[in-house]
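First up is the structure itself, then whatever we jot down about it.
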Protein chains: 2
Amino acid sequence: MAVDREDVLRAAAGLLMRRSAATMDEVARAAGISRATLNRQFAGREALVRALEDLGIAECEAAASRAAVDDGPAADAVRRLVRELEPAAGLLAFLYSENQLFEGDEQNEGWARLDARLVALFRRGQEAGEFRIDLSPAWLTEALYGLLVSAAWAIDEGRVARKDFTTNITELLLSGAVRRPQ
Amino acid sequence: MAVDREDVLRAAAGLLMRRSAATMDEVARAAGISRATLNRQFAGREALVRALEDLGIAECEAAASRAAVDDGPAADAVRRLVRELEPAAGLLAFLYSENQLFEGDEQNEGWARLDARLVALFRRGQEAGEFRIDLSPAWLTEALYGLLVSAAWAIDEGRVARKDFTTNITELLLSGAVRRPQ
DNA sequence: TGAATATGAGACATCAATGTCTCAAATGAG
DNA sequence: CTCATTTGAGACATTGATGTCTCATATTCA
């Protein structure tokens with residue numbers, strides 16, 4: 001009977017990814033619980049979003065660790081990272097647009113940590129001569145976020161195949177759309 | 001005295017790009033008019049968003065026409081397109097996340113037209129041998145949207161320089177992050 | 001079985017945003 | 001200048017989401 005906080009968060013993420021303005025009532029229904037129970041678990045919408053944010057950060061950092069982003073060629077690290085991030089892409093898509101909502105007041109420091117980690121990855125690639133240096137690590141990081149979100153939404157709306165998630169993102173980010181002579 | 005509808009829309013876009021949940025009161029203040037006048041111009045928030053949508057579509061289509069996306073090498077057409085889209089990027093960023101809000105009920109046909117135009121551009125590049133064929137035109141289109149939005153937000157938050165807007169997007173989309181031997 | 005705990009359903013007040021309305025003031029045209 | 005039109009400020013009712021509360025029911029554990 002005991003409600004699993006984690007399950008509720010995942011259900012909420014699945015719904016909010018599609019409709020970020022969903023009602024607390026809709027969230028509760030999506031999680032298969034009552035609104036009362038939802039409010040017992042999370043004291044208000046803000047608490048729910050904050051919990052989702054913490055979950056998203058935790059998943060991204062876990063993905064970065066599993067991908068061992070500091071090891072080996074940076075390009076391979078990016079590929080591993082995107083592959084590991086796939087399960088969190090939907091949640092990330094919600095949080096990415098939600099963050100625009102928050103005033104400049106308080107930016108969860110977890111995002112700063114994650115940002116720094118990704119920036120370091122791209123910088124490492126540049127210093128190793130793998131990545132071009134005319135695109136800043138900050139931009140490459142933002143672009144990665146953007147592609148993750150685009151891919152998540154496009155898949156959700158059936159415009160691209162789910163199985164192509166990783167290759168779509170990594171191939172575009174690393175190699176671009178232009179055809180290369182092999 | 002007569003309020004310029006276009007000016008109001010631009011002011012609204014400028015605010016809503018940052019805070020998509022801004023109040024009608026905030027929108028009015030951003031436009032330098034009263035809430036009453038705002039409501040006289042646009043009968044409700046939905047009408048305002050719809051007008052912004054129409055404006056966004058019109059600007060994108062105008063940009064596509066100015067860029068002559070059907071002429072010459074596809075890669076050059078993409079570069080021209082992104083350059084022409086820059087002034088509309090903020091509005092596009094708002095609409096991109098806002099569209100997630102709307103139920104699957106009604107998708108403005110203008111977006112479908114624009115989508116088709118971009119898809120055709122990427123397909124043309126593939127058929128001409130310019131673009132690789134293992135990334136679908138649909139994905140390339142979505143990726144372009146995502147990069148436009150990412151760049152707009154990153155610039156707005158001061159993480160990347162505004163002057164790099166076009167090159168950041170086109171270089172990443174076309175050539176990718178990997179350094180190429182010249 | 002019996003007690004303790006958790007949940008669901010619904011009622012309820014609250015709050016914020018919205019849309020409408022009125023009236024005075026400002027603007028612009030003739 | 002005078003009149004018609006437009007705007008701003010504010011009051012007002014409405015609406016929808018939210019958070020809280022109660023009580024009956026269901027589940028778990030001793």
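Residue numbering restarts at 1 in every chain; chains get A, B, ... in the order shown in the structure tokens, and ligands count up from 1 in that same order.
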| query | What's the 7 Å shell around stretch 14-22 of chain A, counting only C-alpha atoms (C1' of nucleotides), without same-chain residues fewer than 3 positions away, as a list in words? | reply |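 Within the cut-off, the hits are Arg10, Ala11, Glu26, Val27, Ala30, Gly90, Leu91, Ala93 and Phe94 of chain A; Gln100 and Leu101 of chain B.
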Selection: 10 Å around stretch 14-26 of chain C, only C-alpha atoms (C1' of nucleotides), excl. self and same-chain fewer than 3 positions, as a CSV table (one decimal) with N, CA and C atoms (P, O5', C5', C4', C3', O3' and C1' of nucleotides), in the first residue's frame:
```
chain,number,residue,atom,x,y,z
B,1,MET,N,-1.5,57.9,-30.1
B,1,MET,CA,-2.0,57.2,-29.0
B,1,MET,C,-2.4,55.8,-29.4
B,23,THR,N,2.2,36.8,-16.2
B,23,THR,CA,0.8,37.2,-16.1
B,23,THR,C,0.4,38.1,-17.2
B,24,MET,N,-0.9,38.2,-17.5
B,24,MET,CA,-1.4,39.2,-18.5
B,24,MET,C,-1.0,40.6,-18.0
B,25,ASP,N,-1.0,40.8,-16.7
B,25,ASP,CA,-0.7,42.1,-16.2
B,25,ASP,C,0.8,42.4,-16.5
B,36,ALA,N,-6.3,46.6,-19.4
B,36,ALA,CA,-7.6,46.8,-20.1
B,36,ALA,C,-7.3,47.0,-21.6
B,39,ASN,N,-6.4,43.8,-23.2
B,39,ASN,CA,-7.6,42.9,-23.4
B,39,ASN,C,-8.5,43.4,-24.6
B,43,ALA,N,-8.4,39.4,-27.2
B,43,ALA,CA,-9.5,38.9,-26.3
B,43,ALA,C,-9.0,37.7,-25.5
B,44,GLY,N,-8.2,37.9,-24.5
B,44,GLY,CA,-7.8,36.8,-23.7
B,44,GLY,C,-6.4,36.3,-24.0
B,45,ARG,N,-5.9,35.5,-23.1
B,45,ARG,CA,-4.5,35.0,-23.2
B,45,ARG,C,-4.4,34.1,-24.4
D,6,DT,P,-11.5,54.3,-31.2
D,6,DT,O5',-10.3,54.5,-30.1
D,6,DT,C5',-9.2,55.3,-30.4
D,6,DT,C4',-8.3,55.4,-29.2
D,6,DT,C3',-8.1,54.1,-28.4
D,6,DT,O3',-6.7,53.9,-28.2
D,6,DT,C1',-8.8,55.8,-26.9
D,7,DT,P,-6.2,52.5,-27.6
D,7,DT,O5',-5.7,52.9,-26.1
D,7,DT,C5',-4.9,54.0,-26.0
D,7,DT,C4',-4.9,54.5,-24.5
D,7,DT,C3',-4.6,53.5,-23.5
D,7,DT,O3',-3.4,53.7,-22.8
D,7,DT,C1',-6.5,54.8,-22.9
D,8,DG,P,-2.7,52.7,-21.9
D,8,DG,O5',-3.2,53.2,-20.4
D,8,DG,C5',-3.0,54.6,-20.1
D,8,DG,C4',-3.5,54.9,-18.7
D,8,DG,C3',-3.2,53.9,-17.7
D,8,DG,O3',-2.8,54.5,-16.4
D,8,DG,C1',-5.5,54.1,-17.8
D,9,DA,P,-2.0,53.8,-15.3
D,9,DA,O5',-3.1,53.7,-14.1
D,9,DA,C5',-3.8,54.8,-13.7
D,9,DA,C4',-5.0,54.4,-12.9
D,9,DA,C3',-4.8,53.3,-12.0
D,9,DA,O3',-5.0,53.7,-10.6
D,9,DA,C1',-6.8,53.0,-13.3
D,10,DG,P,-4.7,52.8,-9.4
D,10,DG,O5',-6.1,52.1,-9.1
D,10,DG,C5',-7.2,53.0,-9.0
D,10,DG,C4',-8.5,52.2,-9.1
D,10,DG,C3',-8.6,50.9,-8.3
D,10,DG,O3',-9.6,51.1,-7.3
D,10,DG,C1',-9.4,50.5,-10.5
D,11,DA,P,-9.8,50.0,-6.1
D,11,DA,O5',-11.3,49.5,-6.4
D,11,DA,C5',-12.3,50.4,-6.8
D,11,DA,C4',-13.5,49.7,-7.4
D,11,DA,C3',-13.9,48.4,-6.6
D,11,DA,O3',-15.3,48.4,-6.5
D,11,DA,C1',-13.4,47.9,-8.8
D,12,DC,P,-16.0,47.4,-5.5
D,12,DC,O5',-16.4,46.2,-6.4
D,12,DC,C5',-17.2,46.3,-7.5
D,12,DC,C4',-17.2,45.1,-8.4
D,12,DC,C3',-17.3,43.8,-7.5
D,12,DC,O3',-18.6,43.3,-7.4
D,12,DC,C1',-15.8,43.6,-9.5
D,13,DA,P,-18.9,42.0,-6.6
D,13,DA,O5',-19.0,40.9,-7.7
D,13,DA,C5',-19.7,41.2,-8.9
D,13,DA,C4',-19.4,40.1,-10.0
D,13,DA,C3',-19.6,38.6,-9.4
D,13,DA,O3',-20.3,37.8,-10.4
D,13,DA,C1',-17.4,38.9,-10.2
D,14,DT,P,-20.5,36.3,-10.2
D,14,DT,O5',-19.3,35.6,-11.0
D,14,DT,C5',-19.0,36.1,-12.3
D,14,DT,C4',-17.9,35.2,-12.9
D,14,DT,C3',-18.0,33.8,-12.5
D,14,DT,O3',-17.9,33.0,-13.7
D,14,DT,C1',-15.8,34.6,-12.1
D,15,DT,P,-18.2,31.4,-13.7
D,15,DT,O5',-16.8,30.7,-14.0
D,15,DT,C5',-15.9,31.4,-14.9
D,15,DT,C4',-14.5,30.9,-14.6
D,15,DT,C3',-14.4,29.5,-14.2
D,15,DT,O3',-13.7,28.8,-15.2
D,15,DT,C1',-13.1,30.8,-12.7
D,16,DG,P,-13.7,27.1,-15.1
D,16,DG,O5',-12.2,26.8,-14.6
D,16,DG,C5',-11.1,27.5,-15.1
D,16,DG,C4',-9.9,27.2,-14.2
D,16,DG,C3',-9.8,25.8,-13.8
D,16,DG,O3',-8.4,25.4,-14.0
D,16,DG,C1',-9.8,27.2,-11.9
D,17,DA,P,-8.0,23.8,-13.7
D,17,DA,O5',-6.9,24.0,-12.6
D,17,DA,C5',-5.9,25.0,-12.7
D,17,DA,C4',-5.3,25.3,-11.4
D,17,DA,C3',-4.8,24.0,-10.7
D,17,DA,O3',-3.4,24.1,-10.3
D,17,DA,C1',-6.1,25.4,-9.2
D,18,DT,P,-2.7,23.0,-9.6
D,18,DT,O5',-2.7,23.4,-8.1
D,18,DT,C5',-2.5,24.8,-7.7
D,18,DT,C4',-2.7,25.0,-6.3
D,18,DT,C3',-2.3,23.9,-5.4
D,18,DT,O3',-1.3,24.3,-4.5
D,18,DT,C1',-4.5,24.6,-4.8
D,19,DG,P,-0.3,23.3,-3.7
D,19,DG,O5',-1.0,23.3,-2.3
D,19,DG,C5',-1.2,24.5,-1.6
D,19,DG,C4',-2.1,24.3,-0.4
D,19,DG,C3',-1.7,23.1,0.5
D,19,DG,O3',-1.6,23.5,1.8
D,19,DG,C1',-4.0,23.1,-0.1
```
Can I get the residues of chain A within 10 Å of chain C, each with the closest pair of atoms and their distance in Å to one decimal, using only C-alpha atoms (C1' of nucleotides), sorted chain first then ascending number, as JSON lines?
```
{"residue": "A:Met1", "atom": "CA", "partner": "C:DA6", "partner_atom": "C1'", "distance": 7.2}
{"residue": "A:Ala2", "atom": "CA", "partner": "C:DA6", "partner_atom": "C1'", "distance": 6.8}
{"residue": "A:Val3", "atom": "CA", "partner": "C:DA6", "partner_atom": "C1'", "distance": 8.8}
{"residue": "A:Ile33", "atom": "CA", "partner": "C:DG8", "partner_atom": "C1'", "distance": 8.2}
{"residue": "A:Ser34", "atom": "CA", "partner": "C:DG8", "partner_atom": "C1'", "distance": 6.2}
{"residue": "A:Arg35", "atom": "CA", "partner": "C:DG8", "partner_atom": "C1'", "distance": 8.8}
{"residue": "A:Ala36", "atom": "CA", "partner": "C:DG8", "partner_atom": "C1'", "distance": 7.9}
{"residue": "A:Thr37", "atom": "CA", "partner": "C:DT7", "partner_atom": "C1'", "distance": 6.9}
```
| query | Within 12 Å of A:Ala47, counting only C-alpha atoms (C1' of nucleotides), which residues qualify if same-chain residues fewer than 6 places away don't, as a PyMOL selection string? | reply | chain A and resi 9+24+38-41+53-54
| field | Best match for closeness to A:Asn99 among A:Ala64, A:Val49, A:Leu148, A:Leu114, counting only C-alpha atoms | value | A:Val49
| query | Counting only C-alpha atoms (C1' of nucleotides), what is within 12 Å of B:Pro73, bar same-chain residues fewer than 2 positions away, as a PyMOL selection string? | reply | (chain A and resi 178) or (chain B and resi 67-71+75-80+121-131)
Quick one: write out the picked residues with N, CA and C atoms as a PDB file, in the first residue's frame?
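That gives us result10.pdb:
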```pdb
ATOM      1  N   VAL A 178      26.663  17.406 -42.692  1.00  0.00           N
ATOM      2  CA  VAL A 178      27.332  17.360 -43.989  1.00  0.00           C
ATOM      3  C   VAL A 178      27.967  15.992 -44.245  1.00  0.00           C
TER       4      VAL A 178
ATOM      5  N   ALA B  67      15.771  33.830 -47.385  1.00  0.00           N
ATOM      6  CA  ALA B  67      16.960  32.987 -47.488  1.00  0.00           C
ATOM      7  C   ALA B  67      16.959  32.168 -48.764  1.00  0.00           C
ATOM      8  N   ALA B  68      15.854  32.176 -49.479  1.00  0.00           N
ATOM      9  CA  ALA B  68      15.750  31.415 -50.724  1.00  0.00           C
ATOM     10  C   ALA B  68      16.224  29.980 -50.503  1.00  0.00           C
ATOM     11  N   VAL B  69      15.554  29.310 -49.580  1.00  0.00           N
ATOM     12  CA  VAL B  69      16.010  27.994 -49.156  1.00  0.00           C
ATOM     13  C   VAL B  69      15.983  26.950 -50.264  1.00  0.00           C
ATOM     14  N   ASP B  70      15.326  27.268 -51.360  1.00  0.00           N
ATOM     15  CA  ASP B  70      15.260  26.285 -52.442  1.00  0.00           C
ATOM     16  C   ASP B  70      16.350  26.476 -53.486  1.00  0.00           C
ATOM     17  N   ASP B  71      17.178  27.487 -53.282  1.00  0.00           N
ATOM     18  CA  ASP B  71      18.190  27.801 -54.295  1.00  0.00           C
ATOM     19  C   ASP B  71      19.592  27.425 -53.835  1.00  0.00           C
ATOM     20  N   ALA B  75      23.631  23.441 -48.042  1.00  0.00           N
ATOM     21  CA  ALA B  75      24.369  23.909 -46.870  1.00  0.00           C
ATOM     22  C   ALA B  75      24.359  25.430 -46.798  1.00  0.00           C
ATOM     23  N   ASP B  76      24.547  26.071 -47.941  1.00  0.00           N
ATOM     24  CA  ASP B  76      24.504  27.532 -47.956  1.00  0.00           C
ATOM     25  C   ASP B  76      23.106  28.031 -47.627  1.00  0.00           C
ATOM     26  N   ALA B  77      22.115  27.319 -48.104  1.00  0.00           N
ATOM     27  CA  ALA B  77      20.737  27.706 -47.818  1.00  0.00           C
ATOM     28  C   ALA B  77      20.469  27.633 -46.316  1.00  0.00           C
ATOM     29  N   VAL B  78      21.016  26.606 -45.661  1.00  0.00           N
ATOM     30  CA  VAL B  78      20.841  26.488 -44.213  1.00  0.00           C
ATOM     31  C   VAL B  78      21.496  27.671 -43.517  1.00  0.00           C
ATOM     32  N   ARG B  79      22.676  28.038 -43.970  1.00  0.00           N
ATOM     33  CA  ARG B  79      23.365  29.179 -43.349  1.00  0.00           C
ATOM     34  C   ARG B  79      22.557  30.458 -43.514  1.00  0.00           C
ATOM     35  N   ARG B  80      22.046  30.675 -44.708  1.00  0.00           N
ATOM     36  CA  ARG B  80      21.240  31.880 -44.931  1.00  0.00           C
ATOM     37  C   ARG B  80      19.978  31.840 -44.068  1.00  0.00           C
ATOM     38  N   LEU B 121      14.108  21.038 -47.570  1.00  0.00           N
ATOM     39  CA  LEU B 121      15.466  21.573 -47.699  1.00  0.00           C
ATOM     40  C   LEU B 121      16.501  20.493 -47.362  1.00  0.00           C
ATOM     41  N   PHE B 122      16.297  19.826 -46.265  1.00  0.00           N
ATOM     42  CA  PHE B 122      17.275  18.801 -45.869  1.00  0.00           C
ATOM     43  C   PHE B 122      17.257  17.618 -46.843  1.00  0.00           C
ATOM     44  N   ARG B 123      16.078  17.277 -47.309  1.00  0.00           N
ATOM     45  CA  ARG B 123      15.992  16.176 -48.274  1.00  0.00           C
ATOM     46  C   ARG B 123      16.710  16.547 -49.561  1.00  0.00           C
ATOM     47  N   ARG B 124      16.520  17.779 -49.978  1.00  0.00           N
ATOM     48  CA  ARG B 124      17.217  18.247 -51.180  1.00  0.00           C
ATOM     49  C   ARG B 124      18.724  18.126 -51.000  1.00  0.00           C
ATOM     50  N   GLY B 125      19.203  18.487 -49.816  1.00  0.00           N
ATOM     51  CA  GLY B 125      20.634  18.367 -49.559  1.00  0.00           C
ATOM     52  C   GLY B 125      21.104  16.928 -49.601  1.00  0.00           C
ATOM     53  N   GLN B 126      20.257  16.037 -49.133  1.00  0.00           N
ATOM     54  CA  GLN B 126      20.620  14.615 -49.179  1.00  0.00           C
ATOM     55  C   GLN B 126      20.674  14.122 -50.616  1.00  0.00           C
ATOM     56  N   GLU B 127      19.659  14.509 -51.374  1.00  0.00           N
ATOM     57  CA  GLU B 127      19.586  14.012 -52.746  1.00  0.00           C
ATOM     58  C   GLU B 127      20.706  14.583 -53.612  1.00  0.00           C
ATOM     59  N   ALA B 128      21.191  15.742 -53.208  1.00  0.00           N
ATOM     60  CA  ALA B 128      22.297  16.334 -53.946  1.00  0.00           C
ATOM     61  C   ALA B 128      23.639  15.774 -53.493  1.00  0.00           C
ATOM     62  N   GLY B 129      23.593  14.900 -52.487  1.00  0.00           N
ATOM     63  CA  GLY B 129      24.840  14.327 -51.994  1.00  0.00           C
ATOM     64  C   GLY B 129      25.585  15.220 -51.020  1.00  0.00           C
ATOM     65  N   GLU B 130      24.954  16.328 -50.634  1.00  0.00           N
ATOM     66  CA  GLU B 130      25.620  17.238 -49.698  1.00  0.00           C
ATOM     67  C   GLU B 130      25.511  16.746 -48.265  1.00  0.00           C
ATOM     68  N   PHE B 131      24.332  16.234 -47.922  1.00  0.00           N
ATOM     69  CA  PHE B 131      24.080  15.810 -46.542  1.00  0.00           C
ATOM     70  C   PHE B 131      24.092  14.295 -46.450  1.00  0.00           C
TER      71      PHE B 131
END
```
| message | Env of A:Trp139: 8 Å cut, atoms = only C-alpha atoms (C1' of nucleotides), seq-sep filter 5 positions within chain, self excluded. Answer as a VMD selection string. | response | chain B and resid 151 154 159 to 160 168
| task | Could you give me, as an NGL selection string, each residue of stretch 32-81 of chain B that DSSP assigns to helix (DSSP H, G or I) when run on this structure's backbone? | result | :B and (35-41 or 45-66 or 74-81)
| Residue contacts of A:Ala143 (9 Å, only C-alpha atoms (C1' of nucleotides)) excluding same-chain residues fewer than 6 positions away, as a ChimeraX atom specification | /A:173 /B:146-147,150-151,169,172
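Take the candidates B:Ser136, B:Glu171, B:Ser97, B:Ala12 and check each one against B:Ala51 using only C-alpha atoms; the shortest distance goes to B:Ala12.
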| field | Spatial neighbours of B:Arg113, 12 Å, only C-alpha atoms (C1' of nucleotides), chain gap at least 5 places, as a ChimeraX atom specification | value | /B:57-58,60-61,64,107-108,118-120
